[in-house]
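S.K.: This is the content of run_38.cif (mmCIF, C-alpha atoms):
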```cif
data_coords
loop_
_atom_site.label_atom_id
_atom_site.label_comp_id
_atom_site.auth_asym_id
_atom_site.auth_seq_id
_atom_site.Cartn_x
_atom_site.Cartn_y
_atom_site.Cartn_z
CA MET A 261 48.26 -21.43 -0.62
CA ASP A 262 47.22 -20.56 2.90
CA ASP A 263 45.69 -23.14 5.17
CA HIS A 264 43.09 -21.70 7.55
CA SER A 265 41.95 -24.98 9.07
CA ASP A 266 43.08 -24.02 12.57
CA ASP A 267 41.81 -20.49 12.46
CA ILE A 268 40.47 -19.81 15.98
CA ARG A 269 38.43 -16.86 14.79
CA ARG A 270 35.96 -19.21 13.08
CA PRO A 271 33.32 -20.54 15.50
CA LEU A 272 33.02 -24.32 15.80
CA SER A 273 29.77 -25.97 14.86
CA PRO A 274 27.81 -27.14 17.94
CA ARG A 275 26.35 -30.02 15.94
CA ILE A 276 28.05 -33.31 15.16
CA GLU A 277 26.48 -35.80 12.78
CA VAL A 278 27.21 -39.50 13.10
CA TYR A 279 26.16 -41.92 10.38
CA ALA A 280 25.73 -45.53 11.42
CA GLY A 281 24.49 -48.59 9.64
CA GLY A 282 24.97 -50.15 6.26
CA GLY A 283 23.11 -47.44 4.36
CA ARG A 284 20.35 -49.29 2.56
CA LYS A 285 17.44 -50.90 4.33
CA GLN A 286 16.92 -54.55 3.52
CA TRP A 287 13.22 -55.24 2.92
CA PRO A 288 12.11 -58.85 3.48
CA ASP A 289 10.24 -60.36 0.52
CA ASP A 290 7.08 -60.99 2.56
CA LEU A 291 6.94 -57.31 3.56
CA LYS A 292 7.55 -56.22 -0.04
CA ALA A 293 4.73 -58.50 -1.15
CA GLN A 294 2.37 -57.05 1.46
CA ILE A 295 3.24 -53.49 0.41
CA VAL A 296 2.61 -54.39 -3.26
CA ALA A 297 -0.71 -56.01 -2.33
CA ASP A 298 -1.69 -52.83 -0.47
CA SER A 299 -0.80 -50.75 -3.54
CA LEU A 300 -2.99 -52.94 -5.78
CA GLU A 301 -6.13 -52.39 -3.70
CA PRO A 302 -8.85 -50.43 -5.53
CA GLY A 303 -8.36 -46.69 -5.01
CA ALA A 304 -4.87 -47.08 -3.53
CA ILE A 305 -2.27 -44.45 -4.44
CA VAL A 306 1.31 -45.74 -4.64
CA THR A 307 2.77 -42.60 -3.07
CA ASP A 308 0.47 -42.88 -0.06
CA VAL A 309 1.19 -46.59 0.37
CA ALA A 310 4.95 -45.94 0.17
CA ARG A 311 4.76 -43.11 2.70
CA ARG A 312 2.70 -45.26 5.09
CA HIS A 313 5.30 -48.05 4.98
CA GLY A 314 8.36 -45.78 5.07
CA CYS A 315 9.70 -46.53 1.60
CA ARG A 316 9.97 -44.71 -1.72
CA PRO A 317 7.33 -44.86 -4.46
CA GLN A 318 10.05 -45.97 -6.90
CA GLN A 319 10.67 -49.03 -4.74
CA VAL A 320 6.97 -49.92 -4.75
CA HIS A 321 6.85 -49.58 -8.55
CA ASP A 322 9.92 -51.83 -8.85
CA TRP A 323 8.37 -54.42 -6.52
CA ARG A 324 5.13 -54.31 -8.54
CA ARG A 325 7.15 -54.96 -11.73
CA ARG A 326 8.87 -57.89 -10.00
CA ALA A 327 5.48 -59.26 -8.91
CA ARG A 328 4.17 -59.05 -12.49
CA SER A 329 7.20 -60.94 -13.78
CA GLY A 330 6.82 -63.63 -11.11
CA GLN A 331 9.93 -62.70 -9.12
CA LEU A 332 7.87 -61.64 -6.09
CA VAL A 333 4.98 -63.77 -4.84
CA LEU A 334 2.02 -61.81 -3.50
CA PRO A 335 0.02 -63.01 -0.49
CA ALA A 336 -3.33 -64.63 -1.24
CA ALA A 337 -6.33 -62.37 -0.78
CA GLY A 338 -8.70 -63.24 2.05
CA GLY A 339 -11.61 -63.97 -0.28
CA ALA A 340 -9.54 -65.65 -2.99
CA LEU A 341 -10.92 -68.77 -4.61
CA SER A 342 -8.92 -71.93 -4.20
CA PHE A 343 -10.23 -73.29 -7.51
CA VAL A 344 -12.39 -72.18 -10.41
CA PRO A 345 -14.85 -74.59 -12.03
CA LEU A 346 -14.27 -75.12 -15.74
CA VAL A 347 -17.23 -75.36 -18.10
CA SER A 348 -16.66 -76.57 -21.64
CA GLU A 349 -19.13 -75.45 -24.31
CA SER A 350 -18.00 -77.99 -26.88
CA SER A 351 -18.63 -81.71 -26.98
CA PRO A 352 -15.82 -83.96 -25.65
CA SER A 353 -15.06 -85.38 -29.09
CA VAL A 354 -14.49 -81.91 -30.55
CA ALA A 355 -12.46 -80.77 -27.53
CA ALA A 356 -10.25 -83.88 -27.67
CA ALA A 357 -9.36 -83.37 -31.34
CA PRO A 358 -6.13 -81.35 -31.54
CA SER A 359 -6.13 -78.36 -33.84
CA GLY A 360 -3.35 -77.93 -36.34
CA SER A 361 -2.16 -74.55 -35.09
CA PRO A 362 -1.48 -73.22 -31.57
CA GLU A 363 -2.80 -69.83 -32.72
CA ALA A 364 -6.26 -71.41 -33.04
CA ALA A 365 -6.51 -71.95 -29.27
CA VAL A 366 -8.95 -69.65 -27.47
CA VAL A 367 -9.33 -69.37 -23.69
CA THR A 368 -12.56 -67.66 -22.64
CA VAL A 369 -12.95 -66.52 -19.05
CA GLU A 370 -16.23 -65.20 -17.66
CA LEU A 371 -16.24 -63.86 -14.12
CA HIS A 372 -18.64 -61.47 -12.39
CA GLY A 373 -20.29 -60.45 -15.65
CA ALA A 374 -17.02 -59.76 -17.48
CA ARG A 375 -15.85 -61.89 -20.40
CA VAL A 376 -12.29 -62.10 -21.70
CA GLU A 377 -11.02 -64.14 -24.64
CA VAL A 378 -7.32 -64.93 -24.88
CA ARG A 379 -6.22 -66.29 -28.26
CA GLY A 380 -3.09 -68.29 -29.02
CA THR A 381 -0.80 -69.75 -26.38
CA PRO A 382 -0.49 -67.09 -23.68
CA CYS A 383 2.26 -67.22 -21.10
CA LEU A 384 1.50 -67.50 -17.40
CA ALA A 385 2.04 -63.76 -16.84
CA VAL A 386 -0.64 -62.87 -19.41
CA LEU A 387 -3.18 -65.23 -17.83
CA SER A 388 -2.30 -63.90 -14.39
CA ASP A 389 -2.92 -60.33 -15.59
CA VAL A 390 -6.30 -61.42 -17.00
CA PHE A 391 -7.40 -62.91 -13.69
CA VAL A 392 -6.17 -59.87 -11.72
CA ALA A 393 -8.10 -57.57 -14.05
CA LEU A 394 -11.23 -59.69 -13.71
CA ARG A 395 -10.90 -59.71 -9.95
CA ARG A 396 -10.73 -55.91 -9.99
CA THR A 397 -13.97 -55.70 -11.99
CA ARG A 398 -15.74 -57.34 -9.06
CA SER A 399 -15.02 -54.35 -6.82
CA CYS A 400 -16.08 -51.75 -9.42
#
```
Will you turn the file into structure tokens for me?
M.R.:
Amino acid sequence: MDDHSDDIRRPLSPRIEVYAGGGRKQWPDDLKAQIVADSLEPGAIVTDVARRHGCRPQQVHDWRRRARSGQLVLPAAGGALSFVPLVSESSPSVAAAPSGSPEAAVVTVELHGARVEVRGTPCLAVLSDVFVALRRTRSC
């Protein structure tokens, strides 16, 4: 086998590439949360949000999944309510009596003309999704 590595007839490349750094960019959680919040705005397109912030759309989708599962805390919206008044339609004696089955529980949420009923014992992620969906109906 012939080795032509020091063949002087071949011109040398005038360009030298130097790679520095650890490779992957470390995104702080507060910046990830802000990017996810931007992507959840009405009419936002994930690809455009990712391009604007210098990241990949796949990263934004992963961060959104993490936010849905509670692993990434999103910043509070400027017009977010600090509390929601609760109105009970049943008398206190009926409401205080425990039902025999957890499946009989019904949570009804009415907000901005939209009404959602959640039956059973929903986890926190389900209730969070309900409130996010209701908040989005306000802007439609």
S.K.: What's around segment 288-294 of chain A at 12 Å? Count only C-alpha atoms, leave out sequence neighbours fewer than 3 positions away in its own chain, and write the answer as a VMD selection string.
M.R.: chain A and resid 285 297 to 301 309 to 310 313 to 316 319 to 328 330 to 337
S.K.: Would you mind reading off the distance between atom CA of Val367 of chain A and atom CA of Ala393 of chain A, one decimal, in Å?
M.R.: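 Atom-to-atom, atom CA of Val367 of chain A to atom CA of Ala393 of chain A, that is 15.3 Å.
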S.K.: Go through A:Ser329, A:Thr368, A:Thr307, A:Gln318 and flag the residue nearest Val386 of chain A, using all atoms listed in the file for the distances.
M.R.: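 Nearest to Val386 of chain A: A:Ser329.
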S.K.: Measure the distance from atom CA of Arg379 of chain A to atom CA of Pro302 of chain A in Å and round it to one decimal.
M.R.: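 Spanning atom CA of Arg379 of chain A to atom CA of Pro302 of chain A is a straight-line distance of 27.8 Å.
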S.K.: Atom CA of Ile305 of chain A and atom CA of Arg395 of chain A, how far apart in Å?
M.R.: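 Value for the atom CA of Arg395 of chain A-atom CA of Ile305 of chain A distance: 18.4 Å.
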S.K.: Select, from A:Gly303, A:Trp287, A:Ala365, A:Val296, the residue with the minimum atom-to-atom distance to Thr381 of chain A, counting all atoms listed in the file.
M.R.: A:Ala365
S.K.: Report the residues retrieved by the PyMOL selection byres ((chain A and resi 369-376) around 9) from the displayed file, expressed as an MDAnalysis selection string.
M.R.: chainID A and resid 367:368 377:378 390:391 394:395 397:398
